[in-house]
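Novice: What follows is input_36.cif, made up of mmCIF, C-alpha atoms:
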```cif
data_query
#
loop_
_atom_site.group_PDB
_atom_site.id
_atom_site.type_symbol
_atom_site.label_atom_id
_atom_site.label_comp_id
_atom_site.auth_asym_id
_atom_site.auth_seq_id
_atom_site.Cartn_x
_atom_site.Cartn_y
_atom_site.Cartn_z
ATOM 1 C CA MET A 1 -122.045 16.458 15.524
ATOM 2 C CA ILE A 2 -119.984 16.985 12.354
ATOM 3 C CA ASP A 3 -121.369 14.853 9.495
ATOM 4 C CA PHE A 4 -118.859 15.863 6.839
ATOM 5 C CA VAL A 5 -116.314 18.530 5.910
ATOM 6 C CA ARG A 6 -115.775 19.899 2.440
ATOM 7 C CA GLY A 7 -113.017 22.236 1.348
ATOM 8 C CA LYS A 8 -109.502 22.712 0.048
ATOM 9 C CA ILE A 9 -106.940 20.021 0.821
ATOM 10 C CA ASP A 10 -104.332 22.004 2.720
ATOM 11 C CA GLU A 11 -102.119 19.060 3.720
ATOM 12 C CA LEU A 12 -102.243 15.391 2.794
ATOM 13 C CA THR A 13 -100.244 12.359 3.914
ATOM 14 C CA PRO A 14 -101.184 8.661 3.646
ATOM 15 C CA THR A 15 -102.570 8.862 7.205
ATOM 16 C CA THR A 16 -103.817 12.456 7.635
ATOM 17 C CA ALA A 17 -105.761 15.058 5.674
ATOM 18 C CA VAL A 18 -106.123 18.717 6.651
ATOM 19 C CA ILE A 19 -109.232 20.196 5.037
ATOM 20 C CA GLU A 20 -109.606 23.992 5.039
ATOM 21 C CA CYS A 21 -113.264 24.925 5.333
ATOM 22 C CA ALA A 22 -115.184 28.203 5.379
ATOM 23 C CA GLY A 23 -113.727 30.858 7.663
ATOM 24 C CA GLY A 24 -110.205 29.590 7.233
ATOM 25 C CA VAL A 25 -110.630 26.732 9.724
ATOM 26 C CA GLY A 26 -108.551 23.636 8.997
ATOM 27 C CA TYR A 27 -109.748 20.252 10.222
ATOM 28 C CA ALA A 28 -107.105 17.525 10.697
ATOM 29 C CA LEU A 29 -108.625 14.121 10.030
ATOM 30 C CA ASN A 30 -107.140 10.663 10.416
ATOM 31 C CA ILE A 31 -107.720 8.774 7.154
ATOM 32 C CA SER A 32 -107.236 5.298 5.714
ATOM 33 C CA LEU A 33 -105.009 4.515 2.729
ATOM 34 C CA ASN A 34 -108.163 3.948 0.659
ATOM 35 C CA THR A 35 -109.353 7.486 1.381
ATOM 36 C CA PHE A 36 -105.844 8.831 0.721
ATOM 37 C CA SER A 37 -105.796 7.144 -2.713
ATOM 38 C CA ALA A 38 -109.242 8.537 -3.548
ATOM 39 C CA ILE A 39 -108.390 12.193 -2.827
ATOM 40 C CA GLN A 40 -104.688 12.273 -3.716
ATOM 41 C CA GLY A 41 -103.907 14.864 -6.393
ATOM 42 C CA LYS A 42 -107.260 16.649 -6.010
ATOM 43 C CA PRO A 43 -107.480 20.305 -4.911
ATOM 44 C CA GLU A 44 -110.610 19.766 -2.793
ATOM 45 C CA ALA A 45 -112.306 16.918 -0.960
ATOM 46 C CA LYS A 46 -115.475 16.017 0.897
ATOM 47 C CA LEU A 47 -114.888 13.642 3.801
ATOM 48 C CA TYR A 48 -117.479 12.078 6.061
ATOM 49 C CA VAL A 49 -116.520 12.451 9.710
ATOM 50 C CA TYR A 50 -116.495 10.395 12.886
ATOM 51 C CA GLU A 51 -115.706 12.277 16.099
ATOM 52 C CA ALA A 52 -113.915 10.365 18.848
ATOM 53 C CA ILE A 53 -114.296 12.566 21.896
ATOM 54 C CA ARG A 54 -112.368 11.552 24.997
ATOM 55 C CA GLU A 55 -111.391 13.329 28.209
ATOM 56 C CA ASP A 56 -107.884 13.984 26.933
ATOM 57 C CA ALA A 57 -108.458 14.395 23.187
ATOM 58 C CA TRP A 58 -110.873 15.184 20.370
ATOM 59 C CA VAL A 59 -109.910 13.045 17.375
ATOM 60 C CA LEU A 60 -111.520 13.291 13.949
ATOM 61 C CA TYR A 61 -111.572 10.468 11.409
ATOM 62 C CA GLY A 62 -112.351 11.189 7.750
ATOM 63 C CA PHE A 63 -113.820 8.827 5.152
ATOM 64 C CA ILE A 64 -114.265 9.080 1.405
ATOM 65 C CA SER A 65 -117.720 7.462 1.568
ATOM 66 C CA ARG A 66 -120.572 6.837 3.973
ATOM 67 C CA SER A 67 -120.043 3.091 3.524
ATOM 68 C CA GLU A 68 -116.408 3.338 4.682
ATOM 69 C CA ARG A 69 -117.533 5.286 7.749
ATOM 70 C CA SER A 70 -120.322 2.773 8.428
ATOM 71 C CA LEU A 71 -117.890 -0.150 8.300
ATOM 72 C CA PHE A 72 -115.483 1.758 10.572
ATOM 73 C CA LEU A 73 -118.295 2.235 13.117
ATOM 74 C CA LEU A 74 -119.190 -1.462 12.913
ATOM 75 C CA LEU A 75 -115.553 -2.385 13.583
ATOM 76 C CA LEU A 76 -115.565 -0.140 16.681
ATOM 77 C CA THR A 77 -118.450 -2.178 18.144
ATOM 78 C CA VAL A 78 -116.132 -5.201 18.390
ATOM 79 C CA SER A 79 -114.404 -5.453 21.776
ATOM 80 C CA GLY A 80 -110.662 -4.855 21.440
ATOM 81 C CA VAL A 81 -110.917 -2.844 18.212
ATOM 82 C CA GLY A 82 -110.135 0.865 18.608
ATOM 83 C CA GLY A 83 -109.967 3.698 16.106
ATOM 84 C CA ASN A 84 -106.394 3.091 14.993
ATOM 85 C CA THR A 85 -106.948 -0.644 14.543
ATOM 86 C CA ALA A 86 -110.139 -0.034 12.549
ATOM 87 C CA ARG A 87 -108.265 2.451 10.358
ATOM 88 C CA MET A 88 -105.472 -0.079 9.824
ATOM 89 C CA VAL A 89 -108.071 -2.636 8.695
ATOM 90 C CA LEU A 90 -109.568 -0.136 6.231
ATOM 91 C CA SER A 91 -106.073 0.719 4.982
ATOM 92 C CA SER A 92 -105.389 -2.942 4.308
ATOM 93 C CA PHE A 93 -108.632 -3.750 2.504
ATOM 94 C CA SER A 94 -111.291 -1.783 0.633
ATOM 95 C CA VAL A 95 -114.875 -1.786 1.913
ATOM 96 C CA PRO A 96 -116.042 -4.379 -0.688
ATOM 97 C CA GLU A 97 -113.008 -6.555 0.161
ATOM 98 C CA MET A 98 -113.805 -6.362 3.884
ATOM 99 C CA VAL A 99 -117.444 -7.280 3.254
ATOM 100 C CA SER A 100 -116.195 -10.316 1.297
ATOM 101 C CA ILE A 101 -113.693 -11.300 4.028
ATOM 102 C CA ILE A 102 -116.356 -11.072 6.751
ATOM 103 C CA THR A 103 -119.144 -12.840 4.845
ATOM 104 C CA GLU A 104 -116.790 -15.632 3.744
ATOM 105 C CA GLY A 105 -115.286 -15.971 7.227
ATOM 106 C CA ASN A 106 -111.718 -15.512 5.985
ATOM 107 C CA ASP A 107 -110.092 -14.945 9.378
ATOM 108 C CA ARG A 108 -106.691 -16.051 8.040
ATOM 109 C CA LEU A 109 -106.536 -13.136 5.582
ATOM 110 C CA LEU A 110 -107.970 -10.654 8.084
ATOM 111 C CA ALA A 111 -105.389 -11.696 10.678
ATOM 112 C CA THR A 112 -102.595 -10.454 8.355
ATOM 113 C CA VAL A 113 -103.481 -6.884 9.384
ATOM 114 C CA LYS A 114 -100.701 -5.653 11.683
ATOM 115 C CA GLY A 115 -101.681 -5.713 15.342
ATOM 116 C CA LEU A 116 -104.955 -7.577 14.820
ATOM 117 C CA GLY A 117 -104.224 -11.221 15.610
ATOM 118 C CA LYS A 118 -106.228 -14.333 14.838
ATOM 119 C CA LYS A 119 -108.557 -14.159 17.858
ATOM 120 C CA THR A 120 -109.619 -10.567 17.151
ATOM 121 C CA ALA A 121 -110.025 -11.375 13.444
ATOM 122 C CA GLN A 122 -112.331 -14.265 14.343
ATOM 123 C CA LYS A 123 -114.275 -12.032 16.735
ATOM 124 C CA ILE A 124 -114.760 -9.378 14.000
ATOM 125 C CA ILE A 125 -116.115 -11.992 11.601
ATOM 126 C CA LEU A 126 -118.376 -13.600 14.210
ATOM 127 C CA GLU A 127 -119.888 -10.330 15.442
ATOM 128 C CA LEU A 128 -120.196 -8.528 12.092
ATOM 129 C CA LYS A 129 -121.176 -11.331 9.713
ATOM 130 C CA ASP A 130 -124.879 -10.487 9.867
ATOM 131 C CA LYS A 131 -124.395 -6.736 10.271
ATOM 132 C CA VAL A 132 -122.331 -6.075 7.104
ATOM 133 C CA ALA A 133 -125.326 -7.100 4.975
ATOM 134 C CA SER A 134 -127.046 -3.880 6.095
ATOM 135 C CA LEU A 135 -124.359 -1.845 4.292
ATOM 136 C CA GLY A 136 -125.653 -3.003 0.916
ATOM 137 C CA ILE A 137 -122.112 -3.374 -0.445
ATOM 138 C CA GLU A 138 -121.301 -5.868 -3.193
ATOM 139 C CA PRO A 139 -118.491 -8.135 -1.911
ATOM 140 C CA GLN A 140 -115.203 -8.151 -3.818
ATOM 141 C CA SER A 141 -112.471 -10.762 -3.573
ATOM 142 C CA ALA A 142 -109.408 -9.617 -1.637
ATOM 143 C CA GLY A 143 -107.253 -12.550 -2.636
ATOM 144 C CA GLY A 144 -105.458 -11.138 -5.659
ATOM 145 C CA GLU A 145 -102.796 -8.480 -5.993
ATOM 146 C CA SER A 146 -104.086 -5.134 -7.205
ATOM 147 C CA THR A 147 -103.279 -4.222 -10.793
ATOM 148 C CA SER A 148 -102.128 -0.799 -9.592
ATOM 149 C CA VAL A 149 -98.713 -2.326 -8.848
ATOM 150 C CA ALA A 150 -98.050 -1.937 -12.564
ATOM 151 C CA SER A 151 -98.490 1.829 -12.310
ATOM 152 C CA VAL A 152 -95.704 2.248 -9.747
ATOM 153 C CA ASN A 153 -92.031 1.254 -9.793
ATOM 154 C CA LYS A 154 -92.520 -2.520 -9.565
ATOM 155 C CA GLU A 155 -88.892 -3.333 -8.780
ATOM 156 C CA VAL A 156 -88.747 -0.921 -5.829
ATOM 157 C CA HIS A 157 -92.224 -2.026 -4.735
ATOM 158 C CA ASP A 158 -91.287 -5.724 -4.669
ATOM 159 C CA GLU A 159 -87.942 -5.124 -2.927
ATOM 160 C CA ALA A 160 -89.537 -2.930 -0.267
ATOM 161 C CA VAL A 161 -92.361 -5.400 0.415
ATOM 162 C CA GLU A 162 -89.861 -8.262 0.656
ATOM 163 C CA ALA A 163 -87.627 -6.306 3.055
ATOM 164 C CA LEU A 164 -90.572 -5.334 5.258
ATOM 165 C CA LYS A 165 -91.842 -8.916 5.176
ATOM 166 C CA MET A 166 -88.479 -10.021 6.575
ATOM 167 C CA LEU A 167 -88.983 -7.502 9.383
ATOM 168 C CA GLY A 168 -92.242 -9.226 10.288
ATOM 169 C CA PHE A 169 -94.843 -7.111 8.470
ATOM 170 C CA PRO A 170 -97.628 -8.986 6.599
ATOM 171 C CA PRO A 171 -97.479 -8.665 2.785
ATOM 172 C CA ALA A 172 -101.064 -7.549 1.983
ATOM 173 C CA PRO A 173 -101.223 -4.286 3.996
ATOM 174 C CA THR A 174 -97.496 -3.683 3.405
ATOM 175 C CA SER A 175 -98.019 -3.749 -0.352
ATOM 176 C CA LYS A 176 -100.786 -1.154 -0.086
ATOM 177 C CA VAL A 177 -98.601 1.151 2.009
ATOM 178 C CA VAL A 178 -95.654 0.839 -0.396
ATOM 179 C CA LYS A 179 -97.922 1.484 -3.401
ATOM 180 C CA ALA A 180 -99.312 4.610 -1.743
ATOM 181 C CA ILE A 181 -95.777 5.897 -1.086
ATOM 182 C CA LEU A 182 -94.629 5.204 -4.651
ATOM 183 C CA THR A 183 -97.760 6.842 -6.062
ATOM 184 C CA GLU A 184 -96.881 9.997 -4.124
ATOM 185 C CA GLU A 185 -93.112 9.735 -4.758
ATOM 186 C CA PRO A 186 -92.589 7.663 -7.945
ATOM 187 C CA ASP A 187 -88.794 8.139 -7.955
ATOM 188 C CA ALA A 188 -88.219 7.467 -4.256
ATOM 189 C CA PRO A 189 -85.232 5.157 -3.616
ATOM 190 C CA ILE A 190 -85.772 1.864 -1.816
ATOM 191 C CA GLU A 191 -84.278 3.191 1.442
ATOM 192 C CA ARG A 192 -86.733 6.093 1.615
ATOM 193 C CA VAL A 193 -89.715 3.877 0.748
ATOM 194 C CA ILE A 194 -88.854 1.451 3.561
ATOM 195 C CA LYS A 195 -88.238 4.299 6.036
ATOM 196 C CA LEU A 196 -91.614 5.908 5.219
ATOM 197 C CA ALA A 197 -93.396 2.553 5.327
ATOM 198 C CA LEU A 198 -92.003 1.784 8.780
ATOM 199 C CA LYS A 199 -93.570 5.004 10.079
ATOM 200 C CA MET A 200 -96.974 4.063 8.659
ATOM 201 C CA LEU A 201 -97.159 0.351 9.443
#
```
Can you present the structure in this file as structure tokens?

Specialist:
Amino acid sequence: MIDFVRGKIDELTPTTAVIECAGGVGYALNISLNTFSAIQGKPEAKLYVYEAIREDAWVLYGFISRSERSLFLLLLTVSGVGGNTARMVLSSFSVPEMVSIITEGNDRLLATVKGLGKKTAQKIILELKDKVASLGIEPQSAGGESTSVASVNKEVHDEAVEALKMLGFPPAPTSKVVKAILTEEPDAPIERVIKLALKML
């Protein structure tokens, strides 16, 4: 079992990181937007790993912290939640925000994650309410807009979020995706931001 990989960041997108380790081997790992934000702009990274081994594929997921990986594994224990859905949840909210959402029973906010739905959100809260306490994470409110909007092109950010909202995408995770794109490409025009966001949402 691979516990973690550490090495040079060879490629990085908001959803994937390729880490080159000893011997010139590059591991492609699926990552959340939170992990992307944490390692963006750095030459090297250490990511904790979860291996999803199936008959037809061997998929690696990478996490910036043990707590993010632990929450990911807890999400996988809920019926109907697979790896991509769990990653979408962790891209929409940070680990402390998710702990807060689950402990407070905020299924309405959790259901804004694309592809989740109210029933699955309620199931996550019901099944994980007692388990998240074992993570030892201090809850953090997920209700407010992150101050990092100020550090990106706010006009393009707001227009892109509004346009994507009209296409049916929920505002909270959409905002995080748009911010990640604008952090990577600060001068990107609105059309490119929306096009990139559609591929990630």

Novice: Using all atoms listed in the file, which residues sit within 8 Å of range 28-45 of chain A once same-chain residues fewer than 3 positions away are excluded, as a list in words?

Specialist: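 My reading of the contact set: Arg6, Gly7, Lys8, Ile9, Leu12, Thr13, Pro14, Thr15, Thr16, Ala17, Val18, Ile19, Val59, Leu60, Tyr61, Gly62, Phe63, Ile64, Arg87, Met88, Leu90, Ser91, Ser92, Phe93, Ser94, Lys176, Val177 and Ala180 of chain A.
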
Novice: Can you translate the PyMOL selection byres ((chain A and resi 198) around 10) into the concrete residues it hits in this file, as JSON, numbers by chain?

Specialist: {"A": [164, 167, 169, 174, 177, 178, 192, 193, 194, 195, 196, 197, 199, 200, 201]}

Novice: Figure out the distance between CA of Asp187 in chain A and CA of Thr112 in chain A, please, to one decimal in Å.

Specialist: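 Spanning CA of Thr112 in chain A to CA of Asp187 in chain A is a straight-line distance of 28.3 Å.
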
Novice: Tell me which protein, DNA and RNA residues are within 7 Å of range 66-73 of chain A, counting all atoms listed in the file, leaving out same-chain ones fewer than 3 positions away, and put them as a list in words.

Specialist: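 Everything that qualifies: Tyr48, Phe63, Leu76, Thr77, Ala86, Val95 and Leu135 of chain A.
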
Novice: Please enumerate the residues selected by the PyMOL selection byres ((chain A and resi 117-132) around 7) when evaluated against the supplied file, formatted as a list in words.

Specialist: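 Taken over the shown coordinates, the PyMOL selection byres ((chain A and resi 117-132) around 7) returns Val78, Val99, Ile102, Thr103, Gly105, Asp107, Leu110, Ala111, Gly115, Leu116, Ala133, Ser134 and Leu135 of chain A.
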
Novice: So that I can look at just that part, could you write range 160-195 of chain A with N, CA and C atoms, as a compact mmCIF listing (two decimals), in the first residue's frame?

Specialist:
```
# COMPACT_ATOMS: atom_id res chain seq x y z
N ALA A 160 -18.61 35.01 -14.24
CA ALA A 160 -18.51 33.58 -14.55
C ALA A 160 -19.42 32.77 -13.64
N VAL A 161 -19.41 33.08 -12.34
CA VAL A 161 -20.26 32.35 -11.39
C VAL A 161 -21.74 32.54 -11.74
N GLU A 162 -22.10 33.78 -12.10
CA GLU A 162 -23.49 34.07 -12.46
C GLU A 162 -23.91 33.30 -13.72
N ALA A 163 -23.01 33.28 -14.71
CA ALA A 163 -23.31 32.56 -15.96
C ALA A 163 -23.46 31.06 -15.70
N LEU A 164 -22.59 30.50 -14.89
CA LEU A 164 -22.64 29.07 -14.59
C LEU A 164 -23.86 28.74 -13.73
N LYS A 165 -24.24 29.70 -12.88
CA LYS A 165 -25.44 29.51 -12.05
C LYS A 165 -26.68 29.40 -12.95
N MET A 166 -26.69 30.22 -14.01
CA MET A 166 -27.81 30.18 -14.95
C MET A 166 -27.85 28.86 -15.72
N LEU A 167 -26.70 28.20 -15.81
CA LEU A 167 -26.63 26.90 -16.49
C LEU A 167 -26.99 25.75 -15.54
N GLY A 168 -27.27 26.10 -14.29
CA GLY A 168 -27.72 25.09 -13.34
C GLY A 168 -26.69 24.62 -12.32
N PHE A 169 -25.50 25.27 -12.29
CA PHE A 169 -24.47 24.85 -11.34
C PHE A 169 -24.62 25.64 -10.04
N PRO A 170 -24.51 24.97 -8.88
CA PRO A 170 -24.66 25.64 -7.59
C PRO A 170 -23.53 26.64 -7.32
N PRO A 171 -23.83 27.78 -6.70
CA PRO A 171 -22.85 28.85 -6.54
C PRO A 171 -21.62 28.54 -5.68
N ALA A 172 -21.79 27.78 -4.57
CA ALA A 172 -20.65 27.57 -3.66
C ALA A 172 -19.48 26.82 -4.32
N PRO A 173 -19.70 25.61 -4.86
CA PRO A 173 -18.58 24.92 -5.51
C PRO A 173 -18.13 25.62 -6.79
N THR A 174 -19.07 26.27 -7.50
CA THR A 174 -18.72 26.99 -8.72
C THR A 174 -17.75 28.11 -8.44
N SER A 175 -17.99 28.84 -7.36
CA SER A 175 -17.11 29.94 -6.97
C SER A 175 -15.69 29.45 -6.71
N LYS A 176 -15.59 28.29 -6.04
CA LYS A 176 -14.26 27.74 -5.74
C LYS A 176 -13.52 27.35 -7.02
N VAL A 177 -14.24 26.76 -7.96
CA VAL A 177 -13.64 26.37 -9.24
C VAL A 177 -13.15 27.60 -9.99
N VAL A 178 -14.00 28.62 -10.07
CA VAL A 178 -13.65 29.85 -10.80
C VAL A 178 -12.45 30.54 -10.14
N LYS A 179 -12.42 30.56 -8.81
CA LYS A 179 -11.28 31.17 -8.10
C LYS A 179 -9.99 30.42 -8.40
N ALA A 180 -10.08 29.09 -8.44
CA ALA A 180 -8.88 28.29 -8.73
C ALA A 180 -8.36 28.58 -10.14
N ILE A 181 -9.29 28.73 -11.10
CA ILE A 181 -8.89 29.03 -12.48
C ILE A 181 -8.23 30.40 -12.56
N LEU A 182 -8.84 31.39 -11.90
CA LEU A 182 -8.32 32.76 -11.96
C LEU A 182 -7.01 32.91 -11.18
N THR A 183 -6.80 32.05 -10.19
CA THR A 183 -5.53 32.06 -9.47
C THR A 183 -4.41 31.57 -10.39
N GLU A 184 -4.76 30.56 -11.20
CA GLU A 184 -3.77 29.99 -12.13
C GLU A 184 -3.60 30.89 -13.37
N GLU A 185 -4.70 31.48 -13.83
CA GLU A 185 -4.67 32.35 -15.02
C GLU A 185 -5.38 33.68 -14.71
N PRO A 186 -4.68 34.59 -14.02
CA PRO A 186 -5.30 35.83 -13.55
C PRO A 186 -5.91 36.69 -14.67
N ASP A 187 -5.34 36.62 -15.87
CA ASP A 187 -5.82 37.47 -16.97
C ASP A 187 -6.75 36.75 -17.94
N ALA A 188 -7.20 35.57 -17.56
CA ALA A 188 -8.07 34.80 -18.45
C ALA A 188 -9.37 35.54 -18.72
N PRO A 189 -9.82 35.61 -19.98
CA PRO A 189 -11.10 36.25 -20.29
C PRO A 189 -12.26 35.41 -19.80
N ILE A 190 -13.41 36.03 -19.67
CA ILE A 190 -14.59 35.36 -19.13
C ILE A 190 -14.94 34.09 -19.90
N GLU A 191 -14.79 34.12 -21.23
CA GLU A 191 -15.14 32.95 -22.05
C GLU A 191 -14.28 31.74 -21.69
N ARG A 192 -12.97 31.99 -21.51
CA ARG A 192 -12.06 30.89 -21.17
C ARG A 192 -12.35 30.36 -19.76
N VAL A 193 -12.62 31.24 -18.83
CA VAL A 193 -12.91 30.83 -17.46
C VAL A 193 -14.14 29.91 -17.43
N ILE A 194 -15.19 30.30 -18.15
CA ILE A 194 -16.41 29.50 -18.18
C ILE A 194 -16.16 28.15 -18.85
N LYS A 195 -15.39 28.17 -19.96
CA LYS A 195 -15.08 26.93 -20.69
C LYS A 195 -14.30 25.96 -19.80
```
